[in-house]
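Engineer: This is the content of start.cif (mmCIF, C-alpha atoms):
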data_upload
#
loop_
_atom_site.group_PDB
_atom_site.id
_atom_site.type_symbol
_atom_site.label_atom_id
_atom_site.label_comp_id
_atom_site.auth_asym_id
_atom_site.auth_seq_id
_atom_site.Cartn_x
_atom_site.Cartn_y
_atom_site.Cartn_z
ATOM 1 C CA MET A 1 5.649 16.120 -42.199
ATOM 2 C CA ALA A 2 3.362 13.832 -40.225
ATOM 3 C CA LYS A 3 2.210 14.350 -36.654
ATOM 4 C CA PRO A 4 4.507 13.062 -33.876
ATOM 5 C CA GLY A 5 4.171 9.297 -33.715
ATOM 6 C CA TYR A 6 3.413 8.881 -37.396
ATOM 7 C CA GLY A 7 5.290 8.957 -40.674
ATOM 8 C CA LYS A 8 8.426 7.413 -42.123
ATOM 9 C CA ARG A 9 11.141 5.657 -40.121
ATOM 10 C CA SER A 10 14.339 4.423 -41.766
ATOM 11 C CA ALA A 11 15.404 0.861 -41.076
ATOM 12 C CA PRO A 12 19.023 0.308 -40.011
ATOM 13 C CA GLY A 13 21.835 -1.187 -42.061
ATOM 14 C CA GLN A 14 20.860 0.182 -45.471
ATOM 15 C CA GLN A 15 23.302 0.347 -48.334
ATOM 16 C CA ALA A 16 24.467 3.683 -49.673
ATOM 17 C CA ARG A 17 22.231 5.385 -52.214
ATOM 18 C CA ALA A 18 23.125 4.513 -55.838
ATOM 19 C CA ARG A 19 21.766 5.263 -59.318
ATOM 20 C CA ASP A 20 20.584 1.694 -59.890
ATOM 21 C CA ASP A 21 18.416 1.575 -56.753
ATOM 22 C CA PHE A 22 15.028 -0.021 -57.460
ATOM 23 C CA ALA A 23 16.137 -0.831 -61.027
ATOM 24 C CA LEU A 24 14.354 -4.205 -60.926
ATOM 25 C CA LEU A 25 11.003 -2.670 -60.020
ATOM 26 C CA PRO A 26 8.339 -1.642 -62.546
ATOM 27 C CA THR A 27 8.218 1.991 -63.632
ATOM 28 C CA ARG A 28 5.469 3.094 -61.268
ATOM 29 C CA GLU A 29 6.931 1.332 -58.215
ATOM 30 C CA ARG A 30 10.410 2.632 -59.063
ATOM 31 C CA TYR A 31 9.021 6.175 -59.276
ATOM 32 C CA VAL A 32 7.237 5.927 -55.925
ATOM 33 C CA ALA A 33 10.193 4.200 -54.237
ATOM 34 C CA GLY A 34 12.635 6.863 -55.385
ATOM 35 C CA PHE A 35 10.407 9.599 -53.976
ATOM 36 C CA VAL A 36 9.853 7.848 -50.641
ATOM 37 C CA ASP A 37 13.554 7.067 -50.280
ATOM 38 C CA HIS A 38 14.425 10.784 -50.375
ATOM 39 C CA LEU A 39 11.807 11.746 -47.770
ATOM 40 C CA PRO A 40 13.174 12.569 -44.302
ATOM 41 C CA ASP A 41 12.221 10.587 -41.236
ATOM 42 C CA GLY A 42 8.857 11.710 -39.909
ATOM 43 C CA ALA A 43 7.463 12.556 -43.349
ATOM 44 C CA ALA A 44 3.821 11.729 -44.017
ATOM 45 C CA MET A 45 3.399 8.326 -45.647
ATOM 46 C CA SER A 46 -0.346 8.119 -46.117
ATOM 47 C CA VAL A 47 -1.687 7.323 -49.555
ATOM 48 C CA LYS A 48 -3.533 10.633 -49.705
ATOM 49 C CA GLN A 49 -0.440 12.715 -48.898
ATOM 50 C CA LEU A 50 1.769 10.787 -51.296
ATOM 51 C CA ALA A 51 -0.780 11.212 -54.094
ATOM 52 C CA LYS A 52 -0.715 14.983 -53.550
ATOM 53 C CA GLN A 53 3.061 15.026 -54.022
ATOM 54 C CA LEU A 54 3.157 12.617 -56.985
ATOM 55 C CA PRO A 55 0.977 14.085 -59.746
ATOM 56 C CA LEU A 56 1.504 11.185 -62.151
ATOM 57 C CA TYR A 57 -0.558 8.709 -60.097
ATOM 58 C CA GLY A 58 -3.742 8.780 -58.059
ATOM 59 C CA GLN A 59 -4.475 7.329 -54.656
ATOM 60 C CA GLN A 60 -5.439 3.900 -55.981
ATOM 61 C CA ALA A 61 -2.209 3.631 -57.983
ATOM 62 C CA ILE A 62 -0.133 4.788 -54.991
ATOM 63 C CA SER A 63 -1.836 2.208 -52.756
ATOM 64 C CA THR A 64 -1.067 -0.562 -55.247
ATOM 65 C CA ALA A 65 2.544 0.604 -55.552
ATOM 66 C CA LEU A 66 3.027 0.617 -51.773
ATOM 67 C CA LYS A 67 1.663 -2.913 -51.580
ATOM 68 C CA ALA A 68 4.145 -3.997 -54.250
ATOM 69 C CA LEU A 69 6.989 -2.283 -52.380
ATOM 70 C CA SER A 70 5.943 -4.123 -49.236
ATOM 71 C CA VAL A 71 6.053 -7.443 -51.053
ATOM 72 C CA ALA A 72 9.454 -6.493 -52.517
ATOM 73 C CA GLY A 73 10.772 -6.018 -48.955
ATOM 74 C CA HIS A 74 11.171 -2.238 -48.871
ATOM 75 C CA LEU A 75 8.554 -1.180 -46.297
ATOM 76 C CA ARG A 76 6.387 -2.326 -43.409
ATOM 77 C CA ARG A 77 3.543 -0.438 -41.772
ATOM 78 C CA VAL A 78 3.444 -0.856 -37.969
ATOM 79 C CA ARG A 79 1.572 0.405 -34.945
ATOM 80 C CA CYS A 80 2.942 0.695 -31.409
ATOM 81 C CA SER A 81 1.230 1.344 -28.054
ATOM 82 C CA VAL A 82 2.790 4.153 -26.007
ATOM 83 C CA GLY A 83 1.901 5.678 -22.663
ATOM 84 C CA ALA A 84 0.488 4.046 -19.552
ATOM 85 C CA GLY A 85 -2.869 3.673 -17.858
ATOM 86 C CA ASP A 86 -5.687 5.743 -19.306
ATOM 87 C CA GLU A 87 -3.258 7.735 -21.458
ATOM 88 C CA THR A 88 -2.271 4.802 -23.673
ATOM 89 C CA ARG A 89 -2.553 5.500 -27.390
ATOM 90 C CA TRP A 90 -1.468 3.912 -30.643
ATOM 91 C CA VAL A 91 1.112 5.514 -32.889
ATOM 92 C CA PHE A 92 1.708 4.487 -36.479
ATOM 93 C CA ARG A 93 4.929 4.312 -38.440
ATOM 94 C CA THR A 94 6.080 3.144 -41.858
ATOM 95 C CA PHE A 95 9.496 1.528 -41.742
ATOM 96 C CA TRP A 96 11.402 2.028 -44.974
ATOM 97 C CA SER A 97 14.486 0.226 -46.235
ATOM 98 C CA ARG A 98 16.267 1.185 -49.453
ATOM 99 C CA THR A 99 17.829 -2.265 -49.344
ATOM 100 C CA ALA A 100 15.233 -4.956 -49.961
ATOM 101 C CA ARG A 101 14.780 -7.253 -46.933
ATOM 102 C CA ASP A 102 13.246 -10.687 -46.716
ATOM 103 C CA ASN A 103 10.485 -11.690 -44.319
ATOM 104 C CA GLU A 104 12.916 -13.260 -41.837
ATOM 105 C CA TRP A 105 14.865 -9.997 -41.514
ATOM 106 C CA TRP A 106 11.729 -7.897 -41.040
ATOM 107 C CA THR A 107 10.315 -10.302 -38.453
ATOM 108 C CA THR A 108 13.572 -10.336 -36.485
ATOM 109 C CA TYR A 109 13.927 -6.575 -36.539
ATOM 110 C CA LEU A 110 10.306 -5.701 -35.720
ATOM 111 C CA THR A 111 10.327 -7.994 -32.673
ATOM 112 C CA THR A 112 13.303 -6.224 -31.085
ATOM 113 C CA GLU A 113 13.181 -3.432 -28.531
ATOM 114 C CA THR A 114 15.112 -1.181 -30.914
ATOM 115 C CA ALA A 115 12.262 -1.174 -33.407
ATOM 116 C CA THR A 116 9.746 -0.455 -30.654
ATOM 117 C CA GLN A 117 11.728 2.525 -29.406
ATOM 118 C CA THR A 118 12.130 3.777 -32.962
ATOM 119 C CA ALA A 119 8.411 3.543 -33.634
ATOM 120 C CA ALA A 120 7.416 5.289 -30.405
ATOM 121 C CA PRO A 121 7.558 9.091 -30.574
ATOM 122 C CA ALA A 122 10.175 10.767 -28.424
ATOM 123 C CA PRO A 123 8.698 13.395 -26.091
ATOM 124 C CA ASP A 124 11.431 15.905 -26.814
ATOM 125 C CA THR A 125 11.480 15.662 -30.619
ATOM 126 C CA ALA A 126 8.868 18.332 -31.211
ATOM 127 C CA PRO A 127 10.531 21.488 -32.555
ATOM 128 C CA SER A 128 10.367 24.610 -30.450
ATOM 129 C CA PRO A 129 8.100 27.422 -31.642
ATOM 130 C CA PRO A 130 9.899 29.983 -33.804
ATOM 131 C CA TRP A 131 9.267 32.718 -31.261
ATOM 132 C CA VAL A 132 11.101 30.825 -28.469
ATOM 133 C CA PRO A 133 14.884 31.108 -29.100
ATOM 134 C CA ALA A 134 15.794 28.085 -26.991
ATOM 135 C CA GLU A 135 19.333 27.986 -28.301
ATOM 136 C CA GLU A 136 20.031 31.644 -27.471
ATOM 137 C CA PRO A 137 21.239 32.470 -23.948
ATOM 138 C CA PRO A 138 19.540 35.165 -21.864
ATOM 139 C CA PRO A 139 20.783 38.722 -22.392
ATOM 140 C CA ALA A 140 22.687 38.717 -19.086
ATOM 141 C CA GLU A 141 24.414 35.410 -19.756
ATOM 142 C CA PRO A 142 27.141 36.709 -22.119
ATOM 143 C CA GLU A 143 28.138 39.338 -19.542
ATOM 144 C CA SER A 144 28.395 36.742 -16.794
ATOM 145 C CA ARG A 145 30.459 34.538 -19.058
ATOM 146 C CA ALA A 146 32.781 37.421 -19.860
ATOM 147 C CA VAL A 147 33.268 38.146 -16.178
ATOM 148 C CA ALA A 148 33.914 34.495 -15.453
ATOM 149 C CA GLU A 149 36.495 34.294 -18.218
ATOM 150 C CA GLN A 150 38.330 37.355 -16.915
ATOM 151 C CA VAL A 151 38.631 35.913 -13.388
ATOM 152 C CA PRO A 152 41.762 33.750 -13.037
ATOM 153 C CA GLU A 153 41.202 30.073 -12.454
ATOM 154 C CA PRO A 154 42.874 29.844 -8.991
ATOM 155 C CA THR A 155 40.867 32.734 -7.526
ATOM 156 C CA ALA A 156 37.471 31.506 -8.735
ATOM 157 C CA VAL A 157 35.369 29.811 -6.092
ATOM 158 C CA PRO A 158 34.829 26.212 -7.220
ATOM 159 C CA PRO A 159 31.196 25.100 -7.085
ATOM 160 C CA GLN A 160 32.089 21.922 -5.212
ATOM 161 C CA ARG A 161 32.974 23.897 -2.065
ATOM 162 C CA THR A 162 29.340 24.578 -1.139
ATOM 163 C CA PRO A 163 27.846 21.037 -1.119
ATOM 164 C CA PRO A 164 29.949 19.736 1.838
ATOM 165 C CA LYS A 165 28.418 22.431 4.044
ATOM 166 C CA ALA A 166 24.898 21.215 3.379
ATOM 167 C CA PRO A 167 25.118 17.924 5.370
ATOM 168 C CA ASP A 168 26.545 19.803 8.403
ATOM 169 C CA ALA A 169 23.824 22.434 8.225
ATOM 170 C CA GLU A 170 20.909 20.019 7.688
ATOM 171 C CA PRO A 171 20.773 18.589 11.273
ATOM 172 C CA THR A 172 20.631 22.094 12.748
ATOM 173 C CA GLN A 173 17.661 23.138 10.608
ATOM 174 C CA PRO A 174 14.269 22.531 12.235
ATOM 175 C CA THR A 175 12.252 19.835 10.501
ATOM 176 C CA GLY A 176 8.490 19.976 10.083
ATOM 177 C CA PRO A 177 6.087 17.670 11.885
ATOM 178 C CA SER A 178 5.621 14.197 10.487
ATOM 179 C CA PRO A 179 2.407 13.149 8.684
ATOM 180 C CA ALA A 180 1.521 10.968 11.683
ATOM 181 C CA TYR A 181 1.854 13.924 14.074
ATOM 182 C CA LEU A 182 -0.270 16.144 11.822
ATOM 183 C CA ALA A 183 -2.984 13.492 11.532
ATOM 184 C CA LEU A 184 -3.192 13.249 15.319
ATOM 185 C CA ALA A 185 -3.191 17.008 15.729
ATOM 186 C CA ARG A 186 -6.099 17.408 13.289
ATOM 187 C CA LEU A 187 -8.346 15.013 15.203
ATOM 188 C CA GLY A 188 -9.394 17.754 17.607
ATOM 189 C CA ARG A 189 -10.157 20.092 14.700
ATOM 190 C CA ASP A 190 -12.512 17.547 13.158
ATOM 191 C CA ASP A 191 -14.115 16.436 16.437
ATOM 192 C CA HIS A 192 -13.688 18.442 19.654
ATOM 193 C CA ARG A 193 -14.032 15.246 21.729
ATOM 194 C CA LEU A 194 -10.660 14.071 20.374
ATOM 195 C CA GLY A 195 -8.674 17.184 21.179
ATOM 196 C CA LEU A 196 -5.049 16.195 21.955
ATOM 197 C CA SER A 197 -2.293 18.312 23.428
ATOM 198 C CA ALA A 198 1.133 18.686 21.873
ATOM 199 C CA ASP A 199 2.590 16.237 24.389
ATOM 200 C CA ASP A 200 -0.185 13.736 23.606
ATOM 201 C CA CYS A 201 0.560 13.951 19.878
ATOM 202 C CA THR A 202 4.264 13.451 20.510
ATOM 203 C CA ALA A 203 3.600 10.416 22.719
ATOM 204 C CA LEU A 204 1.214 8.811 20.211
ATOM 205 C CA GLU A 205 3.275 9.652 17.111
ATOM 206 C CA PRO A 206 5.322 6.372 17.123
ATOM 207 C CA LEU A 207 2.110 4.317 17.218
ATOM 208 C CA ALA A 208 0.607 6.288 14.343
ATOM 209 C CA MET A 209 3.815 5.934 12.347
ATOM 210 C CA GLN A 210 3.416 2.154 12.501
ATOM 211 C CA TRP A 211 0.164 2.541 10.574
ATOM 212 C CA LEU A 212 1.752 4.675 7.878
ATOM 213 C CA ASP A 213 4.713 2.304 7.631
ATOM 214 C CA ARG A 214 2.278 -0.465 6.736
ATOM 215 C CA GLY A 215 1.084 1.385 3.653
ATOM 216 C CA VAL A 216 -2.104 3.098 4.870
ATOM 217 C CA THR A 217 -2.841 6.741 4.154
ATOM 218 C CA THR A 218 -3.482 9.487 6.666
ATOM 219 C CA ASP A 219 -7.158 9.534 5.611
ATOM 220 C CA PHE A 220 -7.438 5.823 6.399
ATOM 221 C CA LEU A 221 -5.788 6.437 9.762
ATOM 222 C CA THR A 222 -8.134 9.315 10.593
ATOM 223 C CA ASN A 223 -11.251 7.341 9.623
ATOM 224 C CA ALA A 224 -10.161 4.374 11.751
ATOM 225 C CA LEU A 225 -9.636 6.600 14.791
ATOM 226 C CA THR A 226 -12.884 8.573 14.459
ATOM 227 C CA ALA A 227 -15.351 5.858 13.407
ATOM 228 C CA GLY A 228 -17.979 4.791 15.976
ATOM 229 C CA LEU A 229 -17.006 7.155 18.763
ATOM 230 C CA PRO A 230 -18.938 6.977 22.045
ATOM 231 C CA ALA A 231 -21.180 9.872 23.062
ATOM 232 C CA GLN A 232 -18.824 10.932 25.857
ATOM 233 C CA ILE A 233 -15.040 10.619 25.891
ATOM 234 C CA ASP A 234 -13.328 11.133 29.240
ATOM 235 C CA SER A 235 -9.732 10.536 28.063
ATOM 236 C CA PRO A 236 -9.080 11.285 24.372
ATOM 237 C CA VAL A 237 -5.425 10.255 24.599
ATOM 238 C CA GLY A 238 -6.349 6.917 26.188
ATOM 239 C CA LEU A 239 -9.006 6.211 23.556
ATOM 240 C CA ILE A 240 -6.662 7.067 20.657
ATOM 241 C CA ARG A 241 -3.846 4.973 22.159
ATOM 242 C CA ARG A 242 -6.172 1.994 22.576
ATOM 243 C CA ARG A 243 -7.424 2.252 18.981
ATOM 244 C CA LEU A 244 -3.931 2.678 17.557
ATOM 245 C CA ILE A 245 -2.902 -0.571 19.265
ATOM 246 C CA ASP A 246 -6.055 -2.642 18.786
ATOM 247 C CA LYS A 247 -6.830 -1.629 15.171
ATOM 248 C CA LEU A 248 -3.289 -1.789 13.809
ATOM 249 C CA PRO A 249 -3.644 -3.042 10.201
ATOM 250 C CA PRO A 250 -1.807 -6.211 9.158
ATOM 251 C CA GLN A 251 1.575 -6.114 7.493
ATOM 252 C CA LEU A 252 1.116 -7.061 3.860
ATOM 253 C CA PRO A 253 3.910 -9.001 2.160
ATOM 254 C CA ALA A 254 6.017 -6.988 -0.205
ATOM 255 C CA THR A 255 5.042 -7.577 -3.802
ATOM 256 C CA PRO A 256 7.974 -8.134 -6.145
ATOM 257 C CA ASN A 257 8.509 -5.421 -8.681
ATOM 258 C CA THR A 258 7.601 -7.170 -11.889
ATOM 259 C CA PRO A 259 8.926 -5.406 -14.968
ATOM 260 C CA PRO A 260 6.258 -4.038 -17.300
ATOM 261 C CA PRO A 261 5.482 -6.218 -20.302
ATOM 262 C CA THR A 262 7.547 -5.474 -23.355
ATOM 263 C CA LEU A 263 5.478 -3.735 -25.983
ATOM 264 C CA ARG A 264 5.736 -5.384 -29.344
ATOM 265 C CA LEU A 265 5.021 -3.791 -32.662
ATOM 266 C CA LEU A 266 1.949 -4.837 -34.583
ATOM 267 C CA VAL A 267 2.457 -4.931 -38.322
ATOM 268 C CA GLU A 268 -0.409 -3.593 -40.425
ATOM 269 C CA CYS A 269 -1.386 -5.175 -43.678
ATOM 270 C CA THR A 270 -0.217 -2.776 -46.387
ATOM 271 C CA ASP A 271 -3.363 -3.486 -48.385
ATOM 272 C CA CYS A 272 -6.267 -3.615 -45.894
ATOM 273 C CA GLY A 273 -4.660 -2.336 -42.668
ATOM 274 C CA ARG A 274 -5.432 -5.448 -40.582
ATOM 275 C CA PRO A 275 -2.948 -5.621 -37.652
ATOM 276 C CA GLY A 276 -1.046 -8.670 -36.509
ATOM 277 C CA PRO A 277 2.335 -9.890 -35.241
ATOM 278 C CA PRO A 278 5.241 -9.621 -37.695
ATOM 279 C CA GLU A 279 5.476 -13.370 -38.250
ATOM 280 C CA ALA A 280 1.772 -13.560 -39.215
ATOM 281 C CA LEU A 281 2.042 -11.031 -42.068
ATOM 282 C CA PRO A 282 4.583 -12.259 -44.635
ATOM 283 C CA ASP A 283 5.447 -9.616 -47.215
ATOM 284 C CA GLY A 284 3.550 -7.139 -45.006
ATOM 285 C CA LEU A 285 0.195 -8.625 -46.074
ATOM 286 C CA CYS A 286 -2.407 -10.513 -44.103
ATOM 287 C CA ARG A 287 -3.394 -14.000 -45.212
ATOM 288 C CA PRO A 288 -6.410 -13.040 -47.380
ATOM 289 C CA CYS A 289 -4.547 -10.186 -49.082
ATOM 290 C CA HIS A 290 -1.445 -12.328 -49.512
ATOM 291 C CA THR A 291 -3.528 -15.072 -51.133
ATOM 292 C CA THR A 292 -5.142 -12.564 -53.463
ATOM 293 C CA HIS A 293 -1.782 -11.063 -54.402
ATOM 294 C CA THR A 294 0.046 -14.328 -55.026
ATOM 295 C CA THR A 295 -2.671 -16.355 -56.739
ATOM 296 C CA GLY A 296 -4.750 -13.576 -58.230
ATOM 297 C CA GLY A 297 -7.917 -15.241 -56.935
ATOM 298 C CA GLN A 298 -10.397 -14.347 -54.293
ATOM 299 C CA PRO A 299 -9.524 -15.230 -50.695
ATOM 300 C CA SER A 300 -11.254 -18.279 -49.295
ATOM 301 C CA PRO A 301 -14.175 -17.262 -47.041
ATOM 302 C CA ASP A 302 -14.144 -18.055 -43.350
ATOM 303 C CA PRO A 303 -16.372 -21.095 -42.535
ATOM 304 C CA THR A 304 -17.644 -19.406 -39.374
ATOM 305 C CA GLN A 305 -18.732 -16.382 -41.379
ATOM 306 C CA ILE A 306 -20.546 -18.608 -43.856
ATOM 307 C CA ALA A 307 -22.428 -20.325 -41.031
ATOM 308 C CA ALA A 308 -23.324 -16.966 -39.492
ATOM 309 C CA VAL A 309 -24.673 -15.654 -42.787
ATOM 310 C CA LYS A 310 -26.759 -18.779 -43.323
ATOM 311 C CA ALA A 311 -28.213 -18.539 -39.821
ATOM 312 C CA HIS A 312 -29.019 -14.869 -40.333
ATOM 313 C CA MET A 313 -30.761 -15.553 -43.650
ATOM 314 C CA ALA A 314 -32.774 -18.405 -42.098
ATOM 315 C CA ASN A 315 -33.894 -16.083 -39.339
ATOM 316 C CA LEU A 316 -34.995 -13.494 -41.888
ATOM 317 C CA ARG A 317 -37.025 -16.088 -43.798
ATOM 318 C CA ASP A 318 -38.778 -17.133 -40.579
ATOM 319 C CA LEU A 319 -39.686 -13.528 -39.853
ATOM 320 C CA LEU A 320 -41.133 -13.071 -43.333
ATOM 321 C CA LYS A 321 -43.418 -16.101 -43.080
ATOM 322 C CA PRO A 322 -47.098 -15.221 -42.646
ATOM 323 C CA VAL A 323 -48.457 -15.741 -39.175
#
As structure tokens, please, write out the structure in this file.

Structural biologist:
Amino acid sequence: MAKPGYGKRSAPGQQARARDDFALLPTRERYVAGFVDHLPDGAAMSVKQLAKQLPLYGQQAISTALKALSVAGHLRRVRCSVGAGDETRWVFRTFWSRTARDNEWWTTYLTTETATQTAAPAPDTAPSPPWVPAEEPPPAEPESRAVAEQVPEPTAVPPQRTPPKAPDAEPTQPTGPSPAYLALARLGRDDHRLGLSADDCTALEPLAMQWLDRGVTTDFLTNALTAGLPAQIDSPVGLIRRRLIDKLPPQLPATPNTPPPTLRLLVECTDCGRPGPPEALPDGLCRPCHTTHTTGGQPSPDPTQIAAVKAHMANLRDLLKPV
């Protein structure tokens, strides 16, 4: 089996397995296709791993067979970006279809969200370690179940009786101080000139809450109130009130919640591994590899690469000239 995020993925809508599957393929491709078709989802699909399991052919022969199966419409290699921020990584899958598909079908399927979700690894698919019996209940659980089963249904206390008491009890419970109150109370701890009483903090709390409601943090609020203090402060509460009013930050307009961009799968060339959108890799091959496969000739070189090579060679000749 491959690591999570890699390996085989079965395409949807396949026909039932039959004896004449892959009958039109050559012997080597039919042999490899029959083996891959019986692999479970998540099995390793690298050329090296397949060559270890198929003793009749080496890695080069397996690579050529996979390319032929890609052209025949049975597989596509893809990569998909998962995660967010600095934790983004690429995962690789090989979609397999027992039923041969044409390029239009593969392009339509690989551009859907279903294919993207199938290619991305699920966080809860990793099997539990053998020493953690997740499916087994704790030792005390069977006893509690037995007791619960012996108690008649009418006499059992329904669990929904307790939640209605919570809303009535919540207003009577004392609530902690707000972040604005705590920020004001800590000013005297950081600088003794800004020591405020409990009544001062309560009176200034609504003004400080306006700052936090506009998206600033308590650190930003504290820095704004303590920056550039005079050498002597006669009335800390008056100074803090004046700064809370005069330095109130502007109200920024609410930014619309734009949905994250939809991640599309990138198809890898089955021969050279070059990535690209599904529509740019017909038969699962990039343009140079597709040209080589269909015509049997060498791919046409890129004119920009030819110009770069000529410029590099001219530079080398200039350097070799005697001074």

Engineer: Report the residues retrieved by the PyMOL selection byres ((chain A and resi 41) around 12) from the displayed file, expressed as a list in words.

Structural biologist: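 Applied to this file, the PyMOL selection byres ((chain A and resi 41) around 12) selects Met1, Ala2, Lys3, Pro4, Gly5, Tyr6, Gly7, Lys8, Arg9, Ser10, Ala11, Val36, Asp37, His38, Leu39, Pro40, Gly42, Ala43, Ala44, Met45, Arg93, Thr94, Phe95, Trp96, Ser97, Thr118, Ala119, Pro121 and Thr125 of chain A.
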
Engineer: Calculate how many Å separate atom CA of A:Asp283 from atom CA of A:Gln305, rounding to one decimal.

Structural biologist: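 Taking atom CA of A:Asp283 and atom CA of A:Gln305, their separation equals 25.8 Å.
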
Engineer: Go ahead and compute the interatomic distance for atom CA of A:Leu265 and atom CA of A:Lys48, in Å to one decimal.

Structural biologist: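 Value for the atom CA of A:Leu265-atom CA of A:Lys48 distance: 23.9 Å.
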
Engineer: With the PyMOL selection byres ((chain A and resi 175-186) around 9) as the selection, what would be picked from this file? Answer as a ChimeraX atom specification, please.

Structural biologist: /A:171-174,187-191,195-198,200-202,204-209,211-212,218-219,221-222,240

Engineer: One decimal, Å: what's the distance from atom CA of A:Ser70 over to atom CA of A:Val82, could you say?

Structural biologist: 24.9 Å

Engineer: For A:Leu66, which of A:Arg242, A:Arg30, A:His192, A:Arg101 is the closest residue, counting all atoms listed in the file?

Structural biologist: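 Among A:Arg242, A:Arg30, A:His192, A:Arg101, it is A:Arg30 that comes nearest to A:Leu66.
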
Engineer: How about completing stretch 65-77 of chain A with N, CA and C atoms and giving it to me as a PDB file, keeping the file's coordinate frame?

Structural biologist:
ATOM      1  N   ALA A  65       1.089   0.556 -55.513  1.00  0.00           N
ATOM      2  CA  ALA A  65       2.544   0.604 -55.552  1.00  0.00           C
ATOM      3  C   ALA A  65       3.132   0.334 -54.174  1.00  0.00           C
ATOM      4  N   LEU A  66       2.524   0.871 -53.122  1.00  0.00           N
ATOM      5  CA  LEU A  66       3.027   0.617 -51.773  1.00  0.00           C
ATOM      6  C   LEU A  66       2.899  -0.855 -51.406  1.00  0.00           C
ATOM      7  N   LYS A  67       1.806  -1.481 -51.844  1.00  0.00           N
ATOM      8  CA  LYS A  67       1.663  -2.913 -51.580  1.00  0.00           C
ATOM      9  C   LYS A  67       2.754  -3.703 -52.303  1.00  0.00           C
ATOM     10  N   ALA A  68       3.079  -3.311 -53.526  1.00  0.00           N
ATOM     11  CA  ALA A  68       4.145  -3.997 -54.250  1.00  0.00           C
ATOM     12  C   ALA A  68       5.501  -3.760 -53.591  1.00  0.00           C
ATOM     13  N   LEU A  69       5.732  -2.558 -53.073  1.00  0.00           N
ATOM     14  CA  LEU A  69       6.989  -2.283 -52.380  1.00  0.00           C
ATOM     15  C   LEU A  69       7.088  -3.066 -51.078  1.00  0.00           C
ATOM     16  N   SER A  70       5.941  -3.298 -50.436  1.00  0.00           N
ATOM     17  CA  SER A  70       5.943  -4.123 -49.236  1.00  0.00           C
ATOM     18  C   SER A  70       6.306  -5.560 -49.576  1.00  0.00           C
ATOM     19  N   VAL A  71       5.735  -6.077 -50.637  1.00  0.00           N
ATOM     20  CA  VAL A  71       6.053  -7.443 -51.053  1.00  0.00           C
ATOM     21  C   VAL A  71       7.524  -7.549 -51.480  1.00  0.00           C
ATOM     22  N   ALA A  72       8.052  -6.488 -52.091  1.00  0.00           N
ATOM     23  CA  ALA A  72       9.454  -6.493 -52.517  1.00  0.00           C
ATOM     24  C   ALA A  72      10.418  -6.357 -51.348  1.00  0.00           C
ATOM     25  N   GLY A  73       9.914  -6.070 -50.135  1.00  0.00           N
ATOM     26  CA  GLY A  73      10.772  -6.018 -48.955  1.00  0.00           C
ATOM     27  C   GLY A  73      11.308  -4.652 -48.614  1.00  0.00           C
ATOM     28  N   HIS A  74      10.669  -3.579 -49.118  1.00  0.00           N
ATOM     29  CA  HIS A  74      11.171  -2.238 -48.871  1.00  0.00           C
ATOM     30  C   HIS A  74      10.447  -1.517 -47.724  1.00  0.00           C
ATOM     31  N   LEU A  75       9.257  -1.920 -47.351  1.00  0.00           N
ATOM     32  CA  LEU A  75       8.554  -1.180 -46.297  1.00  0.00           C
ATOM     33  C   LEU A  75       7.659  -2.108 -45.498  1.00  0.00           C
ATOM     34  N   ARG A  76       7.365  -1.679 -44.278  1.00  0.00           N
ATOM     35  CA  ARG A  76       6.387  -2.326 -43.409  1.00  0.00           C
ATOM     36  C   ARG A  76       5.656  -1.238 -42.632  1.00  0.00           C
ATOM     37  N   ARG A  77       4.355  -1.343 -42.582  1.00  0.00           N
ATOM     38  CA  ARG A  77       3.543  -0.438 -41.772  1.00  0.00           C
ATOM     39  C   ARG A  77       3.341  -1.086 -40.398  1.00  0.00           C
TER      40      ARG A  77
END
